Structures are given as C-alpha cells and as structure tokens.
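Worksheet for the structure shown next.
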Amino acid sequence: MIAFVSGGARSGKSRYAESLARSWQAEHGGGLYYLATAKAAGAAGDEEMAGRIARHRRERGEAWTTLEEPVAIDTAIGQVADRSTVLLDCLTLWASQVLYASSLNEHAGVAMLRVVMHEARARALDLVVVSNDVNEGLPVRDAEVQRYVAFLQRLHREVVAEAEVVVQVVAGLPAYWKGERPCVP
Amino acid sequence: MQCFIGGAYAGKRAAVRARFDNPVWLTAYAGDDLETWPQRAIPGTTLVVEGWERWLATALDETEDDDRLRRRFADTLAALARAEREHGLLVVLIVLEMGRGIVPLDAGERRLRDLAGWLAQDAASMAERVWYVWNGLVQGMR
C-alpha cells in the first residue's frame, strides 16, 4: 500500500503518518523504517534543526530503524527488507535538496520518486509519504521559488495518483481524500 | 456556471480538461483581456476563464476603491452567468486559492489577496457547481 499524508506546519501530519505506518506494520509484519530526508549529521551547525530531529526521534521510540538520505531515496529504499513498512519524511525537504543540493533536475527527481514507488510495489513494501502543502498562499514572484513550488506540486500529484490512501491532516485530524479510513491506533 | 478553486500547480487545468471537450480559453496568462470575453462566448461551447489574479493585479493600479473593484469583477461574473443562460454556453471559472499563507507585508499584496478572496466567494456564490482541486484530486464543494 502507498499513502500520501500532507498538511501544514505542526498540523500533526508526522504523528498521523507514524500511526498509520505502525498500524500497517502491525497488520502485515516486516520491518519498520523511518526514511529521513533530513540529515542529523548535516544539521551540526543548525541547533534548531538538530533539536527538531532529536525530538522526532524521541517521539518515535525504538521500534524504528532510521535511514537518513537527503537525495538518493532510491538507493535508501534498496536497503529496506522486503515486506517492510517505510515512512518517507518528508518530500518538501527532499525536493529542495534535489533542486539545490544535487546535480539532479526536476525530471530526474520525478523519475527517482517513481523508482521508489515501483520498488514499494515490486517488493510488497508499505510506503507512507509525508509532505507539506505550500501552494495556497500568495504566489511568489521569485522564479526559483516558483520552480520549487511547481516541482513539489508535481511530486505530490505523482504520489497522490499512485496512492491508495491520501490524507490531509488539519489540526491533528485526518481528512480522507482517497481510500477507506485505515485502522489507526 | 462551474468554478474550480485550488492552489498553484494543484491540477486545476487538468481537472477542467478532463471534464470538458475542446473548451475555448480566455486566459490572462496568454495576455487575454477580461473585457474581450464576449468575443469568445460561442453558443454551444464551453468557455474557460482563468487568470483572475492577474486581471485583479492590473485593476488594483487603476483605483484605490476596493469595494468598487469587487463590484466591477462581480458584475463581470454576473454577465458571464447571464450569457451562459441566454446563449446556450457553458462557463467554467478557474480561480487561484492564495489566501492561506502569511499576511503579506506589502499593502498592495494584501489588497490583491483580499480581492482574490472576495472574487472566489463571489464566483462560488454564482456557480451551480464548485470544485476544490488539491494535489490533482477534485472534491465537489457544491
């Protein structure tokens, strides 16, 4: 199964996505992986980011195997055992790292994300993808920011089209755009 | 009249193309003037009108009276709805949601955001069907 979970900052989307991943793992067995696109080592100079990562880790508990990969999520998912559950958190950061911290372009980024979803299907992984909606404010004139928003939205539409479960989290509450309400503890 | 509302790159145009065959477009993004809509209102066809925030941004410079501007755009929406009824035409409005970010520091941007929000309300109130487009998915609001 593939799920897309989106919402605003501190909307409770990560917490919801973790619950969903845990419930899928409890149902199907296999490992439970947290694929973080933020790198704790890379955040050495950014105390706020380091604290944010530490807080997320504490809140997740020890059931998770954490993988950190800022760009090559296709390689990272290759390290995951078949039939596992993977939480990819989050697309917003990954999208910026693809555009601004790698040699990839939009086309290659979309292709990489498709590989990840294809791997999930081929190896019976459950995949939960977390992102943030940033496209409903005043349009930004800066061409680079526009390029980023367009790329992130493209990624969203790719995942949403493929996913069985699509959830918008508002104030911690899930609204289901696609799929039945899954059993979430 | 039908109205598709959603954020930037949410998939609004694709949603319209999937639902209406060979529509005629009036689009601010290609430099079309809003006032020229009657020339594209062809009986028996679908007219898609998009780029309202561009037309609003241009109109903002012409007057400081926001109430008047809102009325002027609402009058155009009403005229489109009337043409639809009287000439066997289907009108589809595409409206950009832009009210969910932080309040802009720039006064002109605040005006634009306010007027775009009012326009969305006015368009939705006149449309028989209203759709919210989010990440390529479409939800009926009315």
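Ligands are numbered from 1 in the order shown, chains are lettered A, B, ... in the order of the structure tokens, and residues start at 1 in each chain.
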I need the chain A residues near chain B as a short mmCIF file (atom, residue, chain, number, x, y, z; two decimals) with C-alpha atoms, in the first residue's frame; criterion: at most 8 Å, counting only C-alpha atoms.
data_model
loop_
_atom_site.label_atom_id
_atom_site.label_comp_id
_atom_site.auth_asym_id
_atom_site.auth_seq_id
_atom_site.Cartn_x
_atom_site.Cartn_y
_atom_site.Cartn_z
CA VAL A 134 2.87 25.29 0.33
CA ASN A 135 0.88 26.31 -2.76
CA GLU A 136 -2.19 28.04 -1.36
CA GLY A 137 -0.65 31.35 -0.33
CA LEU A 138 0.03 34.49 -2.35
CA PRO A 139 2.00 33.49 -5.48
CA VAL A 149 6.56 25.01 -5.77
CA ALA A 150 5.87 23.66 -9.26
CA GLN A 153 3.32 20.00 -6.59
CA ARG A 154 4.36 17.72 -9.46
CA HIS A 156 2.54 15.48 -4.86
CA ARG A 157 0.38 14.71 -7.88
CA VAL A 160 -1.42 11.05 -4.99
CA ALA A 161 -2.21 9.42 -8.35
CA TRP A 177 -9.28 12.27 0.01
#
Practice task
For stretch 21-32 of chain A, please output as a list in words all residues within 6 Å (counting only C-alpha atoms; exclusion window: fewer than 4 positions along the same chain).
Solution key: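 Contacts, in chain order: Trp64, Arg83, Ser84, Thr85 and Val184 of chain A.
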Output file for the residues above (C-alpha atoms, as a PDB file, in the first residue's frame):
ATOM      1  CA  TRP A  64      12.026   2.154  14.110  1.00  0.00           C
ATOM      2  CA  ARG A  83       7.526  -6.628   3.016  1.00  0.00           C
ATOM      3  CA  SER A  84       8.574  -3.832   5.393  1.00  0.00           C
ATOM      4  CA  THR A  85       6.828  -0.560   6.131  1.00  0.00           C
ATOM      5  CA  VAL A 184      -5.022   3.855  13.150  1.00  0.00           C
TER       6      VAL A 184
END
Problem - Spatial neighbours of A:His107, max dist 12 Å, only C-alpha atoms, sep filter under 6 positions, as a list in words - result: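 Neighbouring residues, sequence-local ones excluded: Ala95, Val98, Leu99, Leu113, Arg114, Phe151, Leu152, Arg154 and Leu155 of chain A.
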Any chance you can output those residues with C-alpha atoms as a JSON list (two decimals), in the first residue's frame?
[["chain", "number", "residue", "atom", "x", "y", "z"],
["A", 95, "ALA", "CA", 12.51, 18.38, -3.21],
["A", 98, "VAL", "CA", 17.14, 17.58, -5.27],
["A", 99, "LEU", "CA", 16.97, 21.04, -6.83],
["A", 113, "LEU", "CA", 10.38, 9.07, -6.86],
["A", 114, "ARG", "CA", 8.75, 6.72, -9.39],
["A", 151, "PHE", "CA", 8.29, 20.75, -8.68],
["A", 152, "LEU", "CA", 6.88, 19.91, -5.25],
["A", 154, "ARG", "CA", 4.36, 17.72, -9.46],
["A", 155, "LEU", "CA", 5.75, 15.25, -6.89]]
Practice task
Give me every strand (DSSP E or B) residue in chain B, going by DSSP on the backbone, as JSON, numbers by chain.
Solution key: {"B": [2, 3, 4, 5, 6, 24, 25, 26, 27, 46, 47, 48, 49, 50, 90, 91, 92, 93, 94, 95, 96, 129, 130, 131, 132, 133, 134, 137, 138, 139, 140]}
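Distance check against B:Leu69 using only C-alpha atoms: of B:Gly140, B:Ala15, B:Leu26, B:Leu119, the minimum falls on B:Leu119.
Interatomic distance, atom CA of A:Arg58 to atom CA of A:Tyr33: 14.8 Å.
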Practice task
Give me the residues within 12 Å of B:Asp67 as a PyMOL selection string, counting only C-alpha atoms and dropping any in the same chain fewer than 2 places off.
Solution key: chain B and resi 60+63-65+69-74+111+114-115+118-119
Take the residues that were just selected and, keeping C-alpha atoms, output them as a PDB file, in the first residue's frame.
ATOM      1  CA  LEU B  60      -5.564  47.462  -8.489  1.00  0.00           C
ATOM      2  CA  THR B  63      -8.316  52.658  -8.435  1.00  0.00           C
ATOM      3  CA  GLU B  64      -7.874  52.552  -4.671  1.00  0.00           C
ATOM      4  CA  ASP B  65     -11.531  51.774  -4.102  1.00  0.00           C
ATOM      5  CA  LEU B  69     -13.240  46.803  -7.786  1.00  0.00           C
ATOM      6  CA  ARG B  70     -15.027  43.911  -6.140  1.00  0.00           C
ATOM      7  CA  ARG B  71     -18.339  45.090  -7.639  1.00  0.00           C
ATOM      8  CA  ARG B  72     -16.758  45.507 -11.064  1.00  0.00           C
ATOM      9  CA  PHE B  73     -15.491  41.915 -11.095  1.00  0.00           C
ATOM     10  CA  ALA B  74     -18.731  40.605  -9.603  1.00  0.00           C
ATOM     11  CA  ARG B 111      -5.181  44.180  -1.343  1.00  0.00           C
ATOM     12  CA  ASP B 114      -8.285  40.311  -0.217  1.00  0.00           C
ATOM     13  CA  LEU B 115      -9.756  40.942  -3.651  1.00  0.00           C
ATOM     14  CA  TRP B 118     -13.752  38.096  -2.448  1.00  0.00           C
ATOM     15  CA  LEU B 119     -13.684  37.153  -6.107  1.00  0.00           C
TER      16      LEU B 119
END
Problem - Atomic separation - atom CA of A:Val170 relative to atom CA of A:Ala120, Å - result: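 We find that atom CA of A:Ala120 and atom CA of A:Val170 lie 27.2 Å from each other.
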Problem - atom CA of A:Val116 to atom CA of A:Asp74, straight-line distance in Å - result: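 Between these atoms lies a distance of 5.3 Å.
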